[in-house]
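Quick look at structure-v1.tsv (TSV, C-alpha atoms):
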chain	number	residue	atom	x	y	z
A	19	MET	CA	15.82	7.69	35.65
A	20	MET	CA	13.36	5.39	33.88
A	21	SER	CA	14.67	2.31	32.11
A	22	HIS	CA	13.05	0.40	29.24
A	23	ASP	CA	14.12	-2.00	26.52
A	24	VAL	CA	12.89	0.25	23.71
A	25	ALA	CA	12.17	3.97	23.58
A	26	VAL	CA	9.86	5.18	20.79
A	27	VAL	CA	10.15	8.93	20.42
A	28	GLY	CA	6.88	10.34	19.07
A	29	GLY	CA	3.31	9.34	19.90
A	30	GLY	CA	1.80	9.96	16.48
A	31	CYS	CA	0.13	7.33	14.31
A	32	VAL	CA	3.47	5.88	13.15
A	33	GLY	CA	5.10	5.75	16.59
A	34	LEU	CA	1.98	4.18	18.08
A	35	SER	CA	1.73	1.67	15.25
A	36	VAL	CA	5.36	0.66	15.74
A	37	THR	CA	4.67	0.14	19.45
A	38	LYS	CA	1.48	-1.83	18.79
A	39	HIS	CA	3.24	-4.28	16.50
A	40	LEU	CA	6.41	-4.47	18.59
A	41	THR	CA	4.53	-5.34	21.77
A	42	GLU	CA	2.40	-7.88	19.90
A	43	ARG	CA	5.45	-9.71	18.54
A	44	THR	CA	7.95	-9.48	21.39
A	45	ASP	CA	8.20	-9.34	25.16
A	46	LEU	CA	10.25	-6.13	24.97
A	47	ASP	CA	9.33	-3.38	27.42
A	48	VAL	CA	8.48	-0.40	25.20
A	49	ALA	CA	8.08	3.24	26.24
A	50	ILE	CA	6.54	5.92	24.03
A	51	LEU	CA	7.79	9.43	24.69
A	52	GLU	CA	5.32	12.07	23.46
A	53	LYS	CA	6.08	15.75	23.95
A	54	GLU	CA	2.46	16.93	24.10
A	55	HIS	CA	0.03	16.24	26.94
A	56	HIS	CA	-2.65	15.31	24.39
A	57	LEU	CA	-2.16	13.07	21.36
A	58	ALA	CA	-2.68	13.93	17.67
A	59	GLN	CA	-1.64	17.56	18.10
A	60	HIS	CA	0.55	17.64	15.01
A	61	GLN	CA	0.69	15.74	11.70
A	62	SER	CA	-1.36	12.75	12.87
A	63	GLY	CA	-4.33	14.92	13.84
A	64	ARG	CA	-3.93	17.85	11.45
A	65	ASN	CA	-4.57	16.22	8.09
A	66	SER	CA	-7.48	15.65	5.74
A	67	GLY	CA	-8.20	12.19	7.14
A	68	VAL	CA	-8.27	10.65	3.68
A	69	LEU	CA	-7.33	7.01	3.10
A	70	HIS	CA	-5.61	6.91	-0.29
A	71	PRO	CA	-6.19	3.56	-2.04
A	72	GLY	CA	-2.94	3.70	-4.05
A	73	PHE	CA	-3.72	4.71	-7.64
A	74	ASN	CA	-1.45	7.75	-7.42
A	75	TYR	CA	1.77	5.82	-6.69
A	76	PRO	CA	4.14	3.97	-9.06
A	77	PRO	CA	3.68	0.19	-9.03
A	78	GLU	CA	6.06	-1.76	-6.77
A	79	SER	CA	7.01	1.42	-4.91
A	80	LYS	CA	6.98	1.57	-1.12
A	81	LYS	CA	4.18	4.13	-1.26
A	82	ALA	CA	2.00	1.91	-3.45
A	83	ASP	CA	2.54	-1.18	-1.31
A	84	PHE	CA	1.95	0.59	2.00
A	85	ALA	CA	-1.04	2.60	0.73
A	86	THR	CA	-2.97	-0.30	-0.78
A	87	GLU	CA	-2.40	-2.54	2.23
A	88	GLY	CA	-2.85	0.36	4.63
A	89	THR	CA	-6.24	1.34	3.24
A	90	ARG	CA	-7.58	-2.19	3.65
A	91	ARG	CA	-6.16	-2.65	7.13
A	92	MET	CA	-7.25	0.78	8.35
A	93	LYS	CA	-10.86	0.07	7.39
A	94	GLU	CA	-10.73	-3.21	9.27
A	95	TYR	CA	-9.11	-1.57	12.30
A	96	CYS	CA	-11.65	1.24	12.40
A	97	ALA	CA	-14.55	-1.20	12.18
A	98	GLU	CA	-13.09	-3.30	15.02
A	99	HIS	CA	-12.36	-0.34	17.31
A	100	GLY	CA	-15.35	1.89	16.58
A	101	VAL	CA	-13.37	4.63	14.80
A	102	PRO	CA	-15.48	6.67	12.34
A	103	CYS	CA	-14.53	5.68	8.79
A	104	GLU	CA	-16.63	6.10	5.66
A	105	GLU	CA	-15.82	4.66	2.23
A	106	LEU	CA	-16.89	7.64	0.14
A	107	GLY	CA	-14.76	7.23	-2.98
A	108	VAL	CA	-12.78	9.95	-4.72
A	109	LEU	CA	-13.22	11.72	-8.04
A	110	VAL	CA	-9.98	12.89	-9.71
A	111	VAL	CA	-11.07	15.55	-12.19
A	112	ALA	CA	-9.27	16.48	-15.42
A	113	LYS	CA	-9.86	19.98	-16.81
A	114	THR	CA	-7.54	19.91	-19.84
A	115	ASP	CA	-6.39	17.47	-22.52
A	116	ARG	CA	-3.02	17.20	-20.77
A	117	GLU	CA	-4.67	16.31	-17.49
A	118	GLU	CA	-6.99	13.82	-19.19
A	119	ALA	CA	-3.95	12.11	-20.70
A	120	HIS	CA	-2.43	11.82	-17.22
A	121	LEU	CA	-5.58	10.05	-16.01
A	122	GLU	CA	-4.46	7.15	-18.20
A	123	THR	CA	-1.24	6.94	-16.19
A	124	LEU	CA	-3.25	6.90	-12.97
A	125	ALA	CA	-5.48	4.18	-14.42
A	126	GLU	CA	-2.44	2.07	-15.33
A	127	GLN	CA	-1.07	2.50	-11.81
A	128	ALA	CA	-4.43	1.61	-10.30
A	129	GLU	CA	-4.57	-1.53	-12.45
A	130	ALA	CA	-1.04	-2.58	-11.48
A	131	ASN	CA	-1.66	-1.86	-7.77
A	132	GLY	CA	-4.95	-3.74	-7.65
A	133	VAL	CA	-7.03	-0.60	-7.02
A	134	GLU	CA	-10.62	-0.48	-8.23
A	135	TYR	CA	-11.29	2.42	-10.62
A	136	GLU	CA	-13.41	3.74	-13.45
A	137	ILE	CA	-12.61	6.37	-16.09
A	138	LEU	CA	-15.45	8.82	-16.69
A	139	ARG	CA	-15.37	10.38	-20.14
A	140	SER	CA	-17.95	13.17	-19.93
A	141	GLN	CA	-19.29	15.96	-17.79
A	142	GLU	CA	-22.55	14.05	-17.47
A	143	ALA	CA	-20.75	11.01	-16.05
A	144	ILE	CA	-18.87	13.22	-13.58
A	145	ARG	CA	-22.10	14.80	-12.34
A	146	GLU	CA	-23.59	11.38	-11.62
A	147	HIS	CA	-21.00	11.19	-8.82
A	148	GLU	CA	-20.56	14.86	-7.97
A	149	PRO	CA	-23.37	17.12	-9.27
A	150	HIS	CA	-21.38	20.34	-8.80
A	151	ALA	CA	-17.96	19.24	-10.07
A	152	VAL	CA	-16.87	20.40	-13.52
A	153	GLY	CA	-14.36	18.72	-15.84
A	154	GLN	CA	-13.95	16.97	-19.15
A	155	ALA	CA	-13.00	13.59	-17.68
A	156	ALA	CA	-12.31	11.98	-14.32
A	157	LEU	CA	-11.01	8.89	-12.59
A	158	TYR	CA	-13.33	7.47	-9.95
A	159	ALA	CA	-11.82	5.32	-7.20
A	160	PRO	CA	-14.57	3.97	-4.91
A	161	GLU	CA	-12.20	2.56	-2.25
A	162	ALA	CA	-10.99	5.96	-1.01
A	163	ALA	CA	-12.29	6.66	2.47
A	164	SER	CA	-12.49	9.34	5.14
A	165	VAL	CA	-11.38	8.54	8.68
A	166	ASP	CA	-11.37	10.47	11.95
A	167	SER	CA	-7.59	10.54	12.37
A	168	GLN	CA	-7.67	11.83	15.94
A	169	GLN	CA	-9.97	9.06	17.13
A	170	TYR	CA	-7.77	6.55	15.29
A	171	VAL	CA	-4.69	7.77	17.19
A	172	TYR	CA	-6.49	7.49	20.51
A	173	ALA	CA	-7.74	3.99	19.62
A	174	LEU	CA	-4.14	2.91	19.04
A	175	ALA	CA	-3.12	4.49	22.35
A	176	ARG	CA	-5.92	2.72	24.27
A	177	GLU	CA	-4.95	-0.61	22.75
A	178	ILE	CA	-1.29	-0.09	23.66
A	179	GLN	CA	-2.04	0.97	27.22
A	180	GLN	CA	-3.77	-2.35	27.82
A	181	ARG	CA	-0.49	-4.17	27.26
A	182	GLU	CA	1.74	-4.94	30.22
A	183	ASN	CA	4.93	-4.35	28.21
A	184	ALA	CA	4.03	-0.83	27.00
A	185	SER	CA	4.11	2.58	28.69
A	186	LEU	CA	2.89	5.85	27.20
A	187	TYR	CA	4.47	8.99	28.64
A	188	THR	CA	2.89	12.26	27.55
A	189	GLY	CA	4.43	15.63	28.39
A	190	HIS	CA	7.91	14.20	27.75
A	191	ALA	CA	9.51	16.43	25.12
A	192	VAL	CA	12.81	14.91	24.04
A	193	SER	CA	15.61	17.47	23.93
A	194	GLU	CA	18.71	15.31	23.61
A	195	ILE	CA	19.64	11.74	22.79
A	196	GLU	CA	23.04	10.38	23.76
A	197	HIS	CA	24.52	7.10	22.59
A	198	THR	CA	25.90	5.07	25.54
A	199	ALA	CA	27.58	1.71	26.00
A	200	ALA	CA	24.24	0.26	27.10
A	201	GLY	CA	22.16	1.90	24.37
A	202	TYR	CA	20.70	5.40	24.69
A	203	ARG	CA	20.21	8.03	27.34
A	204	ILE	CA	17.29	10.31	26.44
A	205	ALA	CA	16.77	13.66	28.12
A	206	THR	CA	13.16	14.86	28.22
A	207	SER	CA	11.32	17.82	29.71
A	208	ASN	CA	10.05	15.54	32.49
A	209	SER	CA	12.67	12.91	33.27
A	210	ASP	CA	15.58	11.06	31.71
A	211	VAL	CA	15.07	7.67	30.08
A	212	GLU	CA	17.51	4.85	29.40
A	213	ALA	CA	16.81	2.34	26.64
A	214	SER	CA	18.70	-0.40	24.86
A	215	TYR	CA	16.97	0.31	21.55
A	216	LEU	CA	15.58	3.45	19.92
A	217	VAL	CA	12.86	4.21	17.39
A	218	ASN	CA	12.91	7.83	16.26
A	219	ALA	CA	9.36	8.60	15.07
A	220	ALA	CA	9.45	12.28	16.02
A	221	GLY	CA	7.87	13.55	12.78
A	222	LEU	CA	8.57	17.25	12.40
A	223	HIS	CA	11.62	16.91	14.64
A	224	ALA	CA	12.91	13.50	13.54
A	225	ASP	CA	15.83	14.94	11.58
A	226	THR	CA	16.94	17.13	14.49
A	227	LEU	CA	17.16	14.15	16.84
A	228	ALA	CA	18.79	11.94	14.20
A	229	HIS	CA	21.46	14.58	13.53
A	230	GLN	CA	22.43	14.49	17.21
A	231	LEU	CA	23.53	10.90	16.61
A	232	GLY	CA	25.17	11.57	13.25
A	233	VAL	CA	22.31	10.00	11.29
A	234	GLY	CA	20.71	11.39	8.11
A	235	GLU	CA	22.84	14.52	8.05
A	236	GLN	CA	22.35	14.79	4.27
A	237	TYR	CA	18.65	15.52	4.85
A	238	GLN	CA	16.62	18.18	6.62
A	239	VAL	CA	12.92	18.66	7.31
A	240	VAL	CA	11.49	21.76	5.62
A	241	PRO	CA	8.07	22.55	7.13
A	242	PHE	CA	5.23	23.38	4.73
A	243	ARG	CA	1.96	24.64	6.17
A	244	GLY	CA	-1.27	23.38	4.64
A	245	GLU	CA	-4.30	25.55	5.41
A	246	TYR	CA	-7.90	24.39	5.13
A	247	TYR	CA	-11.18	26.20	4.70
A	248	GLU	CA	-14.52	24.69	5.61
A	249	ILE	CA	-17.67	25.04	3.51
A	250	THR	CA	-20.54	26.57	5.47
A	251	PRO	CA	-23.16	23.97	6.49
A	252	ASP	CA	-25.86	25.41	4.21
A	253	ARG	CA	-23.58	24.87	1.18
A	254	ALA	CA	-22.00	21.55	2.18
A	255	ASP	CA	-23.96	19.76	-0.55
A	256	LEU	CA	-21.48	21.20	-3.07
A	257	CYS	CA	-19.35	18.13	-2.34
A	258	GLN	CA	-20.82	14.70	-1.66
A	259	THR	CA	-17.58	12.70	-1.35
A	260	MET	CA	-14.07	13.82	-2.34
A	261	ILE	CA	-13.10	15.88	-5.37
A	262	TYR	CA	-9.42	16.04	-6.34
A	263	PRO	CA	-7.54	17.74	-9.18
A	264	THR	CA	-5.46	15.63	-11.52
A	265	PRO	CA	-1.96	15.72	-10.02
A	266	ASP	CA	0.79	17.39	-12.02
A	267	PRO	CA	3.81	15.02	-11.98
A	268	GLN	CA	6.10	18.06	-12.31
A	269	LEU	CA	4.84	19.68	-9.12
A	270	PRO	CA	5.51	18.55	-5.54
A	271	PHE	CA	2.05	19.20	-4.06
A	272	LEU	CA	-1.40	18.12	-5.15
A	273	GLY	CA	-3.29	21.39	-4.90
A	274	VAL	CA	-6.60	22.43	-3.37
A	275	HIS	CA	-9.21	19.67	-3.16
A	276	TYR	CA	-12.50	18.85	-1.43
A	277	THR	CA	-13.00	16.25	1.31
A	278	ARG	CA	-16.20	15.30	3.10
A	279	ARG	CA	-15.21	14.26	6.61
A	280	THR	CA	-16.81	11.65	8.82
A	281	ASP	CA	-18.55	14.40	10.83
A	282	GLY	CA	-20.30	15.65	7.69
A	283	LYS	CA	-18.18	18.77	7.32
A	284	VAL	CA	-16.59	19.53	3.95
A	285	ILE	CA	-13.05	20.89	4.04
A	286	VAL	CA	-11.27	22.54	1.13
A	287	GLY	CA	-7.50	22.62	0.83
A	288	PRO	CA	-4.77	22.48	1.65
A	289	ASN	CA	-2.45	24.94	0.04
A	290	ALA	CA	1.27	24.35	0.65
A	291	VAL	CA	3.24	27.37	1.84
A	292	LEU	CA	6.59	27.50	3.59
A	293	ALA	CA	5.93	27.58	7.33
A	294	PHE	CA	8.01	30.04	9.35
A	295	GLY	CA	8.51	27.40	12.03
A	296	ARG	CA	8.09	23.66	12.47
A	297	GLU	CA	4.94	24.27	14.48
A	298	ALA	CA	3.87	27.61	12.94
A	299	TYR	CA	0.24	26.73	12.32
A	300	ASP	CA	-0.92	30.30	11.71
A	301	ASN	CA	0.43	32.45	8.87
A	302	THR	CA	1.43	35.06	11.44
A	303	ASP	CA	3.46	32.58	13.54
A	304	VAL	CA	7.24	32.87	13.27
A	305	ASN	CA	9.93	30.84	14.98
A	306	PRO	CA	13.13	32.76	14.16
A	307	ALA	CA	15.46	29.81	14.85
A	308	ASP	CA	13.44	27.40	12.70
A	309	LEU	CA	13.09	29.93	9.90
A	310	ALA	CA	16.81	30.70	9.88
A	311	GLU	CA	17.56	26.98	9.81
A	312	THR	CA	15.37	26.55	6.73
A	313	LEU	CA	16.55	29.63	4.84
A	314	THR	CA	20.25	28.83	5.35
A	315	TYR	CA	19.89	25.16	4.41
A	316	GLU	CA	21.63	24.56	1.10
A	317	GLY	CA	19.08	21.94	0.07
A	318	PHE	CA	16.24	24.44	0.43
A	319	GLN	CA	18.20	27.08	-1.47
A	320	LYS	CA	18.75	24.64	-4.34
A	321	LEU	CA	15.08	23.68	-4.26
A	322	LEU	CA	14.03	27.31	-4.65
A	323	ALA	CA	16.50	27.87	-7.49
A	324	SER	CA	14.01	26.19	-9.82
A	325	LYS	CA	11.76	28.66	-11.66
A	326	THR	CA	8.89	26.18	-11.32
A	327	MET	CA	9.28	26.01	-7.56
A	328	LEU	CA	9.47	29.81	-7.27
A	329	SER	CA	6.27	30.14	-9.27
A	330	VAL	CA	4.52	27.51	-7.14
A	331	ALA	CA	5.77	29.11	-3.92
A	332	TRP	CA	4.42	32.53	-4.95
A	333	ALA	CA	1.04	31.09	-5.94
A	334	GLU	CA	0.74	29.17	-2.67
A	335	LEU	CA	1.74	32.21	-0.63
A	336	ASN	CA	-1.02	34.20	-2.31
A	337	LYS	CA	-3.56	31.54	-1.31
A	338	SER	CA	-2.42	31.83	2.29
A	339	TYR	CA	-2.77	35.61	2.63
A	340	ARG	CA	-5.50	36.33	0.06
A	341	LYS	CA	-8.76	34.46	0.41
A	342	ARG	CA	-9.76	35.47	-3.12
A	343	ARG	CA	-6.86	33.45	-4.53
A	344	PHE	CA	-7.82	30.43	-2.43
A	345	THR	CA	-11.41	30.75	-3.64
A	346	GLU	CA	-10.28	30.90	-7.26
A	347	ALA	CA	-8.27	27.71	-6.80
A	348	SER	CA	-11.33	26.07	-5.23
A	349	GLN	CA	-13.56	27.18	-8.12
A	350	ARG	CA	-11.42	25.28	-10.61
A	351	LEU	CA	-13.10	22.06	-9.45
A	352	VAL	CA	-16.44	23.43	-8.20
A	353	PRO	CA	-17.24	26.74	-9.95
A	354	GLU	CA	-20.33	27.32	-7.81
A	355	VAL	CA	-18.37	27.81	-4.59
A	356	ARG	CA	-18.22	31.45	-3.46
A	357	SER	CA	-15.87	33.26	-1.14
A	358	GLU	CA	-18.62	33.64	1.47
A	359	ASP	CA	-19.12	29.84	1.40
A	360	LEU	CA	-15.61	29.31	2.81
A	361	GLU	CA	-14.70	29.75	6.46
A	362	LYS	CA	-11.20	29.44	7.89
A	363	SER	CA	-10.60	26.05	9.45
A	364	TYR	CA	-7.47	24.36	10.79
A	365	ALA	CA	-3.93	24.07	9.42
A	366	GLY	CA	-1.32	21.34	9.45
A	367	ILE	CA	2.43	21.23	8.92
A	368	ARG	CA	3.90	18.77	6.46
A	369	ALA	CA	7.35	17.54	7.51
A	370	GLN	CA	8.80	17.55	4.01
A	371	LEU	CA	12.24	15.97	3.91
A	372	VAL	CA	14.68	17.65	1.53
A	373	SER	CA	18.11	16.36	0.54
A	374	ASP	CA	21.28	18.44	0.39
A	375	ASP	CA	21.06	18.45	-3.42
A	376	GLY	CA	17.66	20.15	-3.30
A	377	GLU	CA	15.45	17.15	-4.02
A	378	LEU	CA	12.15	16.48	-2.27
A	379	VAL	CA	12.21	13.02	-0.70
A	380	LYS	CA	8.96	11.44	-1.86
A	381	ASP	CA	9.17	7.87	-0.55
A	382	PRO	CA	9.14	6.66	3.05
A	383	LEU	CA	12.68	6.78	4.39
A	384	PHE	CA	14.11	5.21	7.50
A	385	VAL	CA	17.74	4.73	8.48
A	386	GLU	CA	18.88	1.71	10.47
A	387	ARG	CA	21.63	1.56	13.01
A	388	GLU	CA	22.79	-1.41	15.06
A	389	ASN	CA	20.26	-0.74	17.81
A	390	ALA	CA	18.01	1.93	16.33
A	391	VAL	CA	15.67	2.90	13.51
A	392	HIS	CA	15.27	6.56	12.54
A	393	ILE	CA	12.10	7.32	10.56
A	394	LEU	CA	13.12	10.42	8.64
A	395	ASN	CA	10.27	10.50	6.15
A	396	ALA	CA	6.74	9.21	6.68
A	397	VAL	CA	5.17	11.86	4.46
A	398	SER	CA	1.76	11.45	2.79
A	399	PRO	CA	0.17	8.95	2.72
A	400	GLY	CA	1.57	8.52	6.24
A	401	LEU	CA	-1.83	8.12	7.91
A	402	THR	CA	-3.05	5.64	5.30
A	403	SER	CA	0.17	3.63	5.55
A	404	SER	CA	0.60	3.76	9.31
A	405	LEU	CA	-0.40	0.17	10.14
A	406	PRO	CA	1.77	-1.71	7.59
A	407	PHE	CA	4.58	0.86	7.84
A	408	GLY	CA	4.63	0.63	11.63
A	409	GLU	CA	4.62	-3.15	11.39
A	410	HIS	CA	7.57	-3.03	8.99
A	411	ILE	CA	9.57	-0.81	11.37
A	412	ALA	CA	8.69	-3.07	14.31
A	413	GLU	CA	9.92	-6.13	12.40
A	414	THR	CA	13.09	-4.28	11.43
A	415	LEU	CA	13.85	-3.44	15.06
A	416	ALA	CA	12.84	-6.88	16.39
A	417	ALA	CA	15.42	-8.44	14.07
A	418	LYS	CA	18.14	-6.49	15.91
A	419	VAL	CA	17.28	-7.90	19.34
Render the structure in this file as structure tokens.
Amino acid sequence: MMSHDVAVVGGGCVGLSVTKHLTERTDLDVAILEKEHHLAQHQSGRNSGVLHPGFNYPPESKKADFATEGTRRMKEYCAEHGVPCEELGVLVVAKTDREEAHLETLAEQAEANGVEYEILRSQEAIREHEPHAVGQAALYAPEAASVDSQQYVYALAREIQQRENASLYTGHAVSEIEHTAAGYRIATSNSDVEASYLVNAAGLHADTLAHQLGVGEQYQVVPFRGEYYEITPDRADLCQTMIYPTPDPQLPFLGVHYTRRTDGKVIVGPNAVLAFGREAYDNTDVNPADLAETLTYEGFQKLLASKTMLSVAWAELNKSYRKRRFTEASQRLVPEVRSEDLEKSYAGIRAQLVSDDGELVKDPLFVERENAVHILNAVSPGLTSSLPFGEHIAETLAAKV
């Protein structure tokens, strides 16, 4: 039996950030319990690696505050720790009058959030930034950046391991958490752990662990798989930076977009299709228990009752199983891309929190208890926000000690 002051369940970017800030501010003995033997195996390492500067979030919202501060701090952190990070900028392209009108909303949000931007009013202006992108207008945000998310996670881990009051245990999959008179008893695949305080940063499994303690029972994680293609090296010049569609405020997911990564590769995606398991990274993977849990959840059933959501779900499913549909979605922004230019790349799972009434939880959500904090929703821009969000959670827990 190992004993620590604080147990942080989950060694992703949020859990590590919480630990970093907690050990910097207190003398508490903190243990991180990570189920995998290698870090960044799930959401923290299976994303686009984009730092979102904050133009896409309502002013004074948690997302806006964390994203704008997170972008600045992440760039500083990467520079200090030698993590690849390139400020490439992003082009948000409008193809219709309706989308162009929505660019004005994005511009207003950018202005209110202190994000640098420029509205481009012609195809010629767009092509000055992205020669192969096609649209009638665009918003250009130069502060958007691309970061190597896996190297960032390992940089956090190295920094933490240098601290005397921090321990990182990999290969410790948490199966059960029990509330005790002294705090918590945590059963893992390796050994049991006792802790006075708990931070639940388990990502895809955060709701499952919280429910064991009667926390957040009105919510459930519904896993959505996002699949990426990669443009072949000889055609990588089709995208110089990042090319995004104008987001539809009525739809839950952004849609296929282009991102140039720090290694020079250009990825296209993701789509957003229901995953048949919380870690079902391939479209042939099925976890019967996870799938049954999702399909029988009343919140998911209510979510699908919407005609809009059914239409979106069908379109996204087609992109997953039919490359032609994925190519067509890609061609909306860059018409020159061809099916043979796209090669299958990696996939990630988005831990989308859904409420019992069928609503997608869009903002960061954490639930406090007397001696615990449960992070139920750290959805996009979770990577961008990880430093200030982790600091906020650390301060919240430190106030309980």
Could you write out as JSON the box around region 381-399 of chain A (axis-aligned, all atoms listed in the file, 6 Å on each side), with centre and edge lengths in Å to one decimal?
{"center_x": 11.5, "center_y": 5.2, "center_z": 8.6, "size_x": 34.6, "size_y": 25.3, "size_z": 30.4}
task: Name all residues at most 9 Å from region 168-179 of chain A (count only C-alpha atoms; drop same-chain ones fewer than 2 positions away) and give them as number ranges by chain.
output: A: 29-31, 34-35, 37-38, 41, 57-59, 62-64, 67, 95-96, 99-102, 165-166, 181-186
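The coordinates place CA of Ile261 (chain A) at 20.9 Å from CA of Arg368 (chain A).
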message: I'd like the contact shell of Pro306 (chain A) - 9 Å cut-off, only C-alpha atoms, skipping same-chain residues fewer than 5 positions apart - returned as number ranges by chain.
response: A: 294-295, 311
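Going from CA of Ser338 (chain A) over to CA of Ala293 (chain A), you cover 10.6 Å.
Distances from A:Glu126, A:Ala155, A:Gly282, A:Arg350 to Ser140 (chain A) were compared using all atoms listed in the file, and the smallest one belongs to A:Ala155.
Pairwise distance (CA of Glu134 (chain A), CA of Asn395 (chain A)) equals 27.6 Å.
Residue neighbourhood of Glu194 (chain A), excluding near-sequence residues (fewer than 6 positions): Arg203, Ile204, Ala205, Thr206, Leu227 and Gln230 of chain A, at 9 Å, using all atoms listed in the file.
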List as a compact mmCIF listing (two decimals) with C-alpha atoms, keeping the file's coordinate frame: which residues have an atom within 9 Å of (-12.2, 11.9, -8.8), counting all atoms listed in the file?
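Output file result_3.txt is given in full below:
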# COMPACT_ATOMS: atom_id res chain seq x y z
CA GLY A 107 -14.76 7.23 -2.98
CA VAL A 108 -12.78 9.95 -4.72
CA LEU A 109 -13.22 11.72 -8.04
CA VAL A 110 -9.98 12.89 -9.71
CA VAL A 111 -11.07 15.55 -12.19
CA ALA A 112 -9.27 16.48 -15.42
CA ILE A 144 -18.87 13.22 -13.58
CA HIS A 147 -21.00 11.19 -8.82
CA GLU A 148 -20.56 14.86 -7.97
CA ALA A 156 -12.31 11.98 -14.32
CA LEU A 157 -11.01 8.89 -12.59
CA TYR A 158 -13.33 7.47 -9.95
CA ALA A 159 -11.82 5.32 -7.20
CA MET A 260 -14.07 13.82 -2.34
CA ILE A 261 -13.10 15.88 -5.37
CA TYR A 262 -9.42 16.04 -6.34
CA PRO A 263 -7.54 17.74 -9.18
CA THR A 264 -5.46 15.63 -11.52
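Minimum atom-to-atom distances from A:Val372, A:Val24, A:Val217, A:Val152 to Leu351 (chain A) were compared using all atoms listed in the file, and the lowest value belongs to A:Val152.
Among the candidates A:Val36, A:Ile393, A:Cys103, A:Leu269, the one nearest to Thr89 (chain A) when counting all atoms listed in the file is A:Cys103.
Here the selection is built from all atoms listed in the file, and the residues within 10 Å of (0.2, 7.3, -8.1) turn out to be His70, Pro71, Gly72, Phe73, Asn74, Tyr75, Pro76, Pro77, Ser79, Lys81, Ala82, Thr123, Leu124, Ala125, Glu126, Gln127, Ala128, Asn131, Pro265 and Pro267 of chain A.
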